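S.K.: I'd like to ask some things about the structure below.
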Amino acid sequence: MTEFFTLMRYIFRLNILFFVLFFSCKKDSKIEPLSEQIPGYEIGEELSAGIRTINDESSLAFSYRISGLSTVEGGNFFTGNSFFSQNWVEAPSSTSARDGLGPLFNSRSCSGCHLNDGRGEPFSAKGLLLRLSTGSTGSSGEPMPDINYGGQLQDYALPNITSEGAFSIFYTEIPGAFADGEVYSLRAPTYSFSNLNYGNMQSGILFSPRIGQQMIGLGLIENISITDILTNADETDINMDGISGKANYVYNALTKTTDLGRFGWKANVPNLYHQTAGAFIGDLGITSWLFKDQNCTSVQNDCQNAITGGTPEIDSIKLNYVVLYTKVLGVPIRRNYKDEEVLKGKYIFKNAGCDKCHTSKFVTSNNSDIAALNNIIIHPYSDFLVHDMGIGLSDNRADFLAKSNEWRTQPLWGIGLIKTVNRHTYLLHDGRARNIQEAILWHGGEAQMSRDYYFKLNKKERSSLLKFIESL
């Protein structure tokens with residue numbers, strides 16, 4: 001009886017979501033750029049995803065599908081949403097479409113790390129996990145996993161299965177003051193492991209905290225041509241501007257070849273199919289045709305002998321639904337983009353050199369099988385390359401060609417709505433920054449000059465820059 005009422009509540013919520021999204025998509029398709037010219041304003045810049053921009057500022061701002069989808073694609077979006085949002089369960093189960101969770105896992109659903117299709121928090125139960133590796137690399141350049149715990153610490157397990165362990169975070173406050181005397185404080189995280197149930201990790205184990213990122217605009221990013229991304233690469237800094245972004249070439253599980261990485265904190269994943277299937281096996285313990293084997297190491301006997309939810313546990317049809325869902329989530333429109341202080345902040349953003357990595361504009365290619373993603377002007381504010389961000393942000397762990405201190409430029413679109421969608425403002429790969437200002441102050445390496453520029457601004461100028469970034 002409990003399951004019946006749970007199902008009824010789910011169907012009711014899905015119908016409400018369908019009603020909201022259906023009418024919003026009709027509205028979104030009519031968005032046009034402003035025609036008026038004002039100082040510092042560029043026509044269309046408020047449309048982060050061009051004609052596919054979502055006109056919403058609510059807690060659901062990251063959860064709308066783009067306009068222009070076919071009837072079939074629109075229906076598949078809602079099916080993909082159900083598999084993304086709902087909890088997976090232990091096998092065997094009468095809910096056979098969603099059984100196969102675990103045996104070891106970090107979350108019971110994709111939305112467990114991406115609430116409202118948004119961003120996780122820096123706590124293990126809310127979207128933060130630890131990657132593990134030994135320091136050596138495999139045949140494709142990938143980080144090699146720990147012999148007892150694999151490539152990711154799994155802090156949850158099914159009943160009668162022993163979880164791998166847990167970790168905790170301790171923060172040390174680092175005080176400082178701007179050139180004008182205003183004080184600030186940064187927090188530096190220290191991680192510790194506990195209850196490691198399968199013995200010691202290998203000597204010299206490397207680990208990297210990774211927080212779940214917002215899901216918006218991923219299909220548009222995937223459809224940027226490789227040529228356009230590589231146009232901004234300058235690994236040896238030939239133009240001597242202090243910026244030496246480089247491409248991370250990574251293993252493509254679909255083609256079994258090396259390809260340009262563009263997703264993940266170190267641009268270590270080449271496409272959304274690989275990313276989605278990898279998250280199912282890594283985070284939920286759900287096998288697919290692409291990743292057929294569970295994350296059970298040789299010492300995890302109960303894990304190896306656990307009942308499965310089928311072979312594979314998510315079939316290719318359902319996986320395709322989820323992949324499409326991740327591709328067509330839209331990007332919300334900017335706010336306050338004509339405000340005088342925001343436009344001043346835009347000017348400061350450029351003067352500080354922030355735009356050298358946070359590239360404002362791309363045009364998607366004509367290569368997507370989803371026609372609505374083709375030939376769209378977008379403003380992601382990222383070059384999708386990896387950059388040296390300084391020793392302060394180093395995780396001491398390389399990922400393919402990305403070194404320990406190198407990170408992919410984070411797209412800034414939607415950043416001002418994270419607080420509304422997820423009720424927090426934690427930023428950077430591990431959530432150490434409590435707000436945008438702290439994220440800026442953690443920048444080093446190639447971004448040191450921009451960080452120093454911000455440091456020397458007066459309070460009003462800093463406020464203008466922050467308001468501009470919050471408008472994105």
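Order determines the names: the first chain of the structure tokens is A, the second B, and so forth; residues in each chain are numbered 1 upward, and ligands are numbered 1 upward as they are shown.
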Could you list, with a cut-off of 10 Å and counting only C-alpha atoms, the residues of stretch 292-384 of chain A near stretch 230-248 of chain A, each shown with its nearest atom pair and the distance in Å rounded to one decimal, rows sorted by chain and ascending number, as a tab-separated table?
M.R.:
residue	atom	partner	partner_atom	distance
A:Gly353	CA	A:Asp241	CA	9.5
A:Lys356	CA	A:Ile243	CA	7.3
A:Cys357	CA	A:Gly245	CA	7.7
A:Thr359	CA	A:Asn232	CA	8.9
A:Asp383	CA	A:Asn232	CA	6.9
A:Phe384	CA	A:Ala247	CA	8.1
S.K.: Can you pull out every residue from stretch 194-295 of chain A that DSSP, working from the backbone, puts in alpha helix (DSSP H), and format the result as a ChimeraX atom specification?
M.R.: /A:218-222,226-230,272-279
S.K.: Would you give me, as a tab-separated table, each residue of stretch 241-351 of chain A having an atom within 12 Å of an atom of stretch 107-116 of chain A, along with its shortest atom pair and that distance in Å to one decimal, using only C-alpha atoms and sorting by chain and residue number?
M.R.:
residue	atom	partner	partner_atom	distance
A:Gln275	CA	A:Cys110	CA	12.0
A:Thr276	CA	A:Cys110	CA	9.4
A:Ala277	CA	A:Cys110	CA	11.3
A:Gly278	CA	A:Cys110	CA	11.6
A:Ala279	CA	A:Cys110	CA	8.1
A:Phe280	CA	A:Cys110	CA	7.9
A:Ile281	CA	A:Ser107	CA	11.0
A:Gly282	CA	A:Ser107	CA	9.7
A:Asp283	CA	A:Ser107	CA	6.0
A:Leu284	CA	A:Ser107	CA	5.7
A:Gly285	CA	A:Ser107	CA	9.0
A:Ile286	CA	A:Arg108	CA	10.1
A:Val322	CA	A:Cys110	CA	9.8
A:Val323	CA	A:Cys110	CA	11.9
A:Tyr325	CA	A:Cys110	CA	11.7
A:Thr326	CA	A:Cys110	CA	10.8
A:Leu329	CA	A:Asn116	CA	11.1
S.K.: Using only C-alpha atoms for the distances, tell me which of A:Asn160, A:Ser298, A:Ser394, A:Ser471 is nearest to A:Pro332.
M.R.: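 The shortest atom-to-atom distance to A:Pro332 comes from A:Ser471.
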S.K.: When distances are computed from only C-alpha atoms, which of A:Ile436, A:Leu428, A:Leu132, A:Ile174 shows the smallest separation from A:Arg187?
M.R.: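 Of A:Ile436, A:Leu428, A:Leu132, A:Ile174, the one nearest A:Arg187, counting only C-alpha atoms, is A:Ile174.
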S.K.: Give the strand (DSSP E) residues of stretch 66-235 of chain A, as assigned by DSSP on the backbone, as a ChimeraX atom specification.
M.R.: /A:104-105,128-133,156-157,166-177,183-194,206-211
S.K.: For A:Ala253, find every residue with an atom within 10 Å (counting only C-alpha atoms), except residues of its own chain fewer than 4 positions away, and show them as a list in words.
M.R.: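 Close residues of A:Ala253: Thr257, Thr258, Asp259, Val269, Pro270, Asn271, Tyr273, His274, Gln275, Ala277, Gly278, Leu290 and Phe291 of chain A.
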S.K.: For the residues selected in the previous step, produce a file with N, CA and C atoms as a CSV table (one decimal), in the first residue's frame.
M.R.:
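The file below, out-v1.csv, is the result:
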chain,number,residue,atom,x,y,z
A,257,THR,N,39.3,4.9,-28.5
A,257,THR,CA,40.4,5.8,-29.0
A,257,THR,C,40.6,6.9,-28.1
A,258,THR,N,41.6,7.7,-28.4
A,258,THR,CA,41.9,9.0,-27.6
A,258,THR,C,41.1,10.1,-28.2
A,259,ASP,N,40.5,10.9,-27.4
A,259,ASP,CA,39.6,12.0,-27.9
A,259,ASP,C,39.8,13.2,-27.0
A,269,VAL,N,36.6,13.5,-19.5
A,269,VAL,CA,35.6,12.7,-20.2
A,269,VAL,C,35.3,13.4,-21.5
A,270,PRO,N,35.2,12.6,-22.6
A,270,PRO,CA,35.1,13.2,-23.9
A,270,PRO,C,33.6,13.5,-24.4
A,271,ASN,N,32.6,12.7,-23.9
A,271,ASN,CA,31.3,12.9,-24.4
A,271,ASN,C,30.3,12.6,-23.3
A,273,TYR,N,27.7,10.5,-23.4
A,273,TYR,CA,27.3,9.1,-23.3
A,273,TYR,C,28.3,8.4,-22.3
A,274,HIS,N,29.6,8.6,-22.5
A,274,HIS,CA,30.6,8.1,-21.6
A,274,HIS,C,30.4,8.6,-20.2
A,275,GLN,N,30.1,9.9,-20.1
A,275,GLN,CA,30.0,10.5,-18.8
A,275,GLN,C,28.8,9.9,-18.0
A,277,ALA,N,27.1,6.9,-18.6
A,277,ALA,CA,27.4,5.5,-18.3
A,277,ALA,C,28.4,5.4,-17.2
A,278,GLY,N,29.4,6.2,-17.2
A,278,GLY,CA,30.4,6.2,-16.1
A,278,GLY,C,29.9,6.6,-14.8
A,290,LEU,N,28.3,-0.4,-21.8
A,290,LEU,CA,29.6,0.2,-22.0
A,290,LEU,C,30.5,-0.1,-20.8
A,291,PHE,N,30.0,-0.1,-19.6
A,291,PHE,CA,30.8,-0.5,-18.4
A,291,PHE,C,30.1,-1.7,-17.8
S.K.: Mind giving me the straight-line distance from atom CA of A:Val89 to atom CA of A:Lys126 in Å, one decimal?
M.R.: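 Separation of atom CA of A:Val89 and atom CA of A:Lys126: 18.4 Å.
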S.K.: Between atom CA of A:Leu441 and atom CA of A:Ile391, measure the distance and give it in Å to one decimal.
M.R.: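 Atom-to-atom, atom CA of A:Leu441 to atom CA of A:Ile391, that is 13.0 Å.
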S.K.: Need the shell around A:Tyr184: protein/DNA/RNA residues with any atom at most 9 Å away, counting only C-alpha atoms. Skip same-chain ones fewer than 5 positions apart. Format as a ChimeraX atom specification?
M.R.: /A:174-178,438
S.K.: Write the residues of the selection above to a file with N, CA and C atoms, as a compact mmCIF listing (two decimals), in the first residue's frame.
M.R.:
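Written output follows (out-v1.txt):
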# COMPACT_ATOMS: atom_id res chain seq x y z
N ILE A 174 42.01 30.74 6.71
CA ILE A 174 43.20 31.49 6.31
C ILE A 174 42.80 32.96 6.17
N PRO A 175 43.13 33.81 7.13
CA PRO A 175 42.71 35.21 7.07
C PRO A 175 43.55 36.01 6.09
N GLY A 176 42.96 37.08 5.58
CA GLY A 176 43.68 37.98 4.69
C GLY A 176 42.98 39.31 4.64
N ALA A 177 43.57 40.25 3.91
CA ALA A 177 42.97 41.58 3.78
C ALA A 177 43.27 42.12 2.38
N PHE A 178 42.29 42.80 1.80
CA PHE A 178 42.48 43.43 0.49
C PHE A 178 43.37 44.66 0.64
N GLU A 438 35.43 34.19 -2.68
CA GLU A 438 36.42 33.24 -2.20
C GLU A 438 36.97 32.40 -3.36
S.K.: If I take atom CA of A:Glu222 and atom CA of A:Gly44, how far is one from the other in Å, to one decimal?
M.R.: 21.7 Å
S.K.: Of the candidates A:Leu319, A:Gly120, A:Ser365, A:Tyr156, which shows the shortest atom-to-atom distance to A:Asn223, using only C-alpha atoms?
M.R.: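 Under the stated criterion, the closest residue is A:Ser365.
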